[in-house]
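**Student:** Pasting a structure here, questions to come.
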Amino acid sequence: MNTTGKTPSRRALLAWGAGAAVAASLPASGSAFAANASPAGSGAVAHAPADVAHAMAELEREHSARLGVYAHDTATGRTVRYRAQERFPVCSVFKTLAVAAVLRDLDRDGEFLARRVRYTAQEAGASGYAPVTGLPENLAHGMTIAELSDATIRFSDNAANLLLRELGGPTAVTRFARSTGDPVTRLDRWEPELNSAEPRRVTDTTTPHAIGRTYERLVLGSALEPAGWTVADKTGGGAYGTNNDVGLAWPPGRPPLVIAVLTTKPRPDAPADNPLIARTAALLATALAGG
């Protein structure tokens with residue numbers, strides 16, 4: 001939440017927090033090559049060393065999970081894909097797109113960001129997660145669009161519902177994704193229902209490749225023009241052990257990495273598995289480093 005009394009900058013609204021320890025493991029330069037790690041039985045050709053695909057399959061087995069990965073080193077062109085075209089629940093990683101849509105399509109010179117939105121305690125509670133919007137002072141006085149955007153990105157507050165209302169509903173995120181060249185990512189429901197994450201659901205889903213490339217276009221392309229970040233990521237979680245982390249990292253003195261790790265499990269009450277995300281990140285660091 002913004003506590004300075006000033007409207008946060010566009011860049012600050014999309015500074016997605018810390019993470020991506022992968023950056024520390026990457027070399028300053030490397031030879032260019034394209035690698036594709038594919039799950040056994042997928043029918044795709046695996047151009048990466050076989051041990052990369054095997055290691056990811058082992059992680060799936062050990063954690064009783066389905067793992068989807070898209071990782072791209074913009075310096076070398078080296079890319080790792082594993083179940084990259086399979087759909088996974090999008091959960092809170094959609095929030096980056098929602099805030100980006102507000103910045104691109106609704107804001108004009110900060111005027112819209114400064115507009116104050118009032119909402120009820122019932123609306124905050126019904127969202128399912130309101131660590132910022134549910135604070136007494138915010139319930140009493142409302143929050144600006146800038147503050148709601150900040151809470152959505154930095155705290156994953158389901159203030160995103162209020163932003164979706166301004167945009168015209170969840171399908172506005174789908175339209176925004178299409179406008180950036182993403183034909184896959186879609187949002188159909190509101191928080192918290194969109195996090196139900198049932199297997200084989202198509203609504204409220206994305207793929208590792210689609211969401212990774214969309215984040216890359218938002219940050220490095222022309223959809224938005226932020227600058228000067230070191231790490232930018234957004235997490236998301238839901239039922240069926242869904243645990244996602246998507247973002248970019250800038251190792252010192254070299255172009256950035258794009259990393260999307262999406263995971264889900266077969267049981268609806270399965271807990272989030274942070275060690276799986278950490279182990280996958282370590283594996284990607286080795287794979288992208290060519291080690």
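Chains: A, B, ... in order of the structure tokens. Residues: from 1 per chain. Ligands: from 1, in order shown.
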For Thr185 in chain A, find every residue with an atom within 12 Å (counting only C-alpha atoms), except residues of its own chain fewer than 3 positions away, and show them as JSON, numbers by chain.

**Tutor:** {"A": [85, 86, 87, 88, 89, 90, 91, 93, 94, 97, 170, 171, 172, 173, 174, 175, 176, 177, 178, 179, 180, 181, 182, 188, 202, 203, 204, 205, 206, 207, 208, 209, 210, 211, 212, 213, 214, 215]}

**Student:** Could those selected residues go to a file with C-alpha atoms, as a CSV table (one decimal), in the first residue's frame?

**Tutor:**
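part-v4.csv, written as the output of this step:
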```csv
chain,number,residue,atom,x,y,z
A,85,GLN,CA,2.1,-25.6,-24.1
A,86,GLU,CA,-0.1,-27.3,-21.5
A,87,ARG,CA,-2.7,-25.3,-19.6
A,88,PHE,CA,-2.3,-24.5,-15.9
A,89,PRO,CA,-4.5,-22.4,-13.6
A,90,VAL,CA,-3.5,-18.8,-14.0
A,91,CYS,CA,-4.4,-17.8,-10.4
A,93,VAL,CA,-0.3,-14.1,-12.1
A,94,PHE,CA,-3.2,-12.5,-14.0
A,97,LEU,CA,-2.0,-8.1,-16.7
A,170,PRO,CA,-12.5,-10.5,-16.0
A,171,THR,CA,-12.8,-10.9,-19.8
A,172,ALA,CA,-11.0,-7.5,-20.1
A,173,VAL,CA,-7.8,-9.3,-19.1
A,174,THR,CA,-8.4,-11.9,-21.9
A,175,ARG,CA,-8.8,-9.0,-24.4
A,176,PHE,CA,-5.7,-7.3,-23.1
A,177,ALA,CA,-3.7,-10.5,-23.4
A,178,ARG,CA,-4.9,-10.9,-27.0
A,179,SER,CA,-3.9,-7.3,-27.7
A,180,THR,CA,-0.3,-8.1,-26.7
A,181,GLY,CA,-0.1,-11.1,-28.9
A,182,ASP,CA,-1.0,-13.8,-26.3
A,188,ASP,CA,-13.3,-15.8,-16.9
A,202,VAL,CA,-9.9,-24.4,-19.6
A,203,THR,CA,-11.3,-21.2,-18.1
A,204,ASP,CA,-8.9,-19.0,-16.0
A,205,THR,CA,-5.8,-20.7,-17.4
A,206,THR,CA,-2.6,-20.0,-19.3
A,207,THR,CA,0.5,-22.0,-20.4
A,208,PRO,CA,4.1,-21.5,-19.3
A,209,HIS,CA,5.1,-20.4,-22.7
A,210,ALA,CA,2.2,-17.9,-23.2
A,211,ILE,CA,2.4,-16.2,-19.8
A,212,GLY,CA,6.2,-16.1,-19.9
A,213,ARG,CA,6.2,-14.5,-23.3
A,214,THR,CA,3.4,-12.0,-22.2
A,215,TYR,CA,5.4,-10.9,-19.2
```

**Student:** List the spatial neighbours of Ala71 in chain A as a list in words - criterion: any atom at most 7 Å away, only C-alpha atoms, same-chain residues fewer than 3 positions off excluded.

**Tutor:**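 Near Ala71 in chain A, the qualifying residues are Thr79, Val80, Arg81, Val258, Ile259 and Ala260 of chain A.
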
**Student:** Using only C-alpha atoms, which of A:Trp190, A:Phe155, A:Tyr70, A:Tyr82 sits nearest Glu216 in chain A?

**Tutor:**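 Looking at the shortest contact to Glu216 in chain A, the residue is A:Tyr70.
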
**Student:** Give the answer as one residue: which of A:Ala84, A:Val102, A:Ala55, A:Met143 has the shortest atom-to-atom distance to Tyr119 in chain A, using only C-alpha atoms?

**Tutor:**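 Looking only at the distances to Tyr119 in chain A, the closest residue turns out to be A:Met143.
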
**Student:** Point out the residue among A:Ala151, A:Leu167, A:Ala124, A:Val219 with the least atom-to-atom distance to Pro192 in chain A, counting only C-alpha atoms.

**Tutor:**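 Of A:Ala151, A:Leu167, A:Ala124, A:Val219, the one nearest Pro192 in chain A is A:Ala124, counting only C-alpha atoms.
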
**Student:** Mind checking DSSP for range 41-212 of chain A and telling me the helix (DSSP H, G or I) residues as a PyMOL selection string?

**Tutor:** chain A and resi 50-63+91-106+121-126+136-141+145-154+160-167+171-179+193-195+208-212

**Student:** If you keep C-alpha atoms, can you produce a file of those selected residues as a CSV table (one decimal), in the first residue's frame?

**Tutor:**
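See out_18.csv below for the written result:
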```csv
chain,number,residue,atom,x,y,z
A,50,ALA,CA,18.2,-35.6,-21.8
A,51,ASP,CA,19.1,-35.1,-18.1
A,52,VAL,CA,17.1,-31.8,-18.0
A,53,ALA,CA,13.9,-33.4,-19.1
A,54,HIS,CA,14.6,-36.4,-16.8
A,55,ALA,CA,15.3,-34.1,-13.8
A,56,MET,CA,12.0,-32.3,-14.3
A,57,ALA,CA,10.2,-35.6,-14.6
A,58,GLU,CA,11.8,-36.7,-11.4
A,59,LEU,CA,10.7,-33.5,-9.6
A,60,GLU,CA,7.2,-34.2,-10.7
A,61,ARG,CA,7.4,-37.8,-9.4
A,62,GLU,CA,9.0,-36.7,-6.1
A,63,HIS,CA,6.5,-34.0,-5.5
A,91,CYS,CA,-4.4,-17.8,-10.4
A,92,SER,CA,-2.8,-14.5,-9.2
A,93,VAL,CA,-0.3,-14.1,-12.1
A,94,PHE,CA,-3.2,-12.5,-14.0
A,95,LYS,CA,-2.9,-9.5,-11.7
A,96,THR,CA,0.1,-8.2,-13.5
A,97,LEU,CA,-2.0,-8.1,-16.7
A,98,ALA,CA,-4.9,-6.4,-14.9
A,99,VAL,CA,-2.7,-3.6,-13.6
A,100,ALA,CA,-1.0,-3.3,-17.0
A,101,ALA,CA,-4.4,-2.9,-18.7
A,102,VAL,CA,-5.3,-0.2,-16.2
A,103,LEU,CA,-2.0,1.7,-16.9
A,104,ARG,CA,-2.2,1.3,-20.7
A,105,ASP,CA,-5.9,1.7,-21.3
A,106,LEU,CA,-7.4,3.8,-18.5
A,121,ALA,CA,-16.3,-4.4,4.1
A,122,GLN,CA,-18.5,-7.1,2.6
A,123,GLU,CA,-16.8,-6.6,-0.8
A,124,ALA,CA,-13.3,-6.8,0.7
A,125,GLY,CA,-14.2,-9.9,2.7
A,126,ALA,CA,-15.9,-11.6,-0.3
A,136,PRO,CA,-9.9,-0.2,8.8
A,137,GLU,CA,-8.5,3.0,7.4
A,138,ASN,CA,-8.9,1.9,3.9
A,139,LEU,CA,-12.5,0.6,4.5
A,140,ALA,CA,-13.3,4.0,6.0
A,141,HIS,CA,-11.7,6.3,3.3
A,145,ILE,CA,-6.6,3.3,-8.2
A,146,ALA,CA,-2.9,3.7,-7.8
A,147,GLU,CA,-3.1,2.3,-4.2
A,148,LEU,CA,-5.3,-0.6,-5.4
A,149,SER,CA,-2.9,-1.4,-8.1
A,150,ASP,CA,0.0,-1.4,-5.7
A,151,ALA,CA,-1.8,-3.6,-3.3
A,152,THR,CA,-2.7,-6.0,-6.1
A,153,ILE,CA,0.8,-6.4,-7.3
A,154,ARG,CA,2.9,-6.2,-4.1
A,160,ALA,CA,-7.9,-6.9,-8.3
A,161,ASN,CA,-11.7,-7.4,-8.3
A,162,LEU,CA,-12.1,-3.6,-8.0
A,163,LEU,CA,-9.6,-3.1,-10.9
A,164,LEU,CA,-11.5,-5.7,-12.9
A,165,ARG,CA,-14.7,-3.8,-12.3
A,166,GLU,CA,-13.1,-0.6,-13.7
A,167,LEU,CA,-11.9,-2.6,-16.7
A,171,THR,CA,-12.8,-10.9,-19.8
A,172,ALA,CA,-11.0,-7.5,-20.1
A,173,VAL,CA,-7.8,-9.3,-19.1
A,174,THR,CA,-8.4,-11.9,-21.9
A,175,ARG,CA,-8.8,-9.0,-24.4
A,176,PHE,CA,-5.7,-7.3,-23.1
A,177,ALA,CA,-3.7,-10.5,-23.4
A,178,ARG,CA,-4.9,-10.9,-27.0
A,179,SER,CA,-3.9,-7.3,-27.7
A,193,GLU,CA,-13.6,-18.4,-7.6
A,194,LEU,CA,-11.0,-18.2,-10.4
A,195,ASN,CA,-8.6,-20.0,-8.1
A,208,PRO,CA,4.1,-21.5,-19.3
A,209,HIS,CA,5.1,-20.4,-22.7
A,210,ALA,CA,2.2,-17.9,-23.2
A,211,ILE,CA,2.4,-16.2,-19.8
A,212,GLY,CA,6.2,-16.1,-19.9
```

**Student:** Quick one: pull the distance between CA of Thr263 in chain A and CA of Thr133 in chain A, Å, one decimal.

**Tutor:**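 Interatomic distance here is 28.0 Å.
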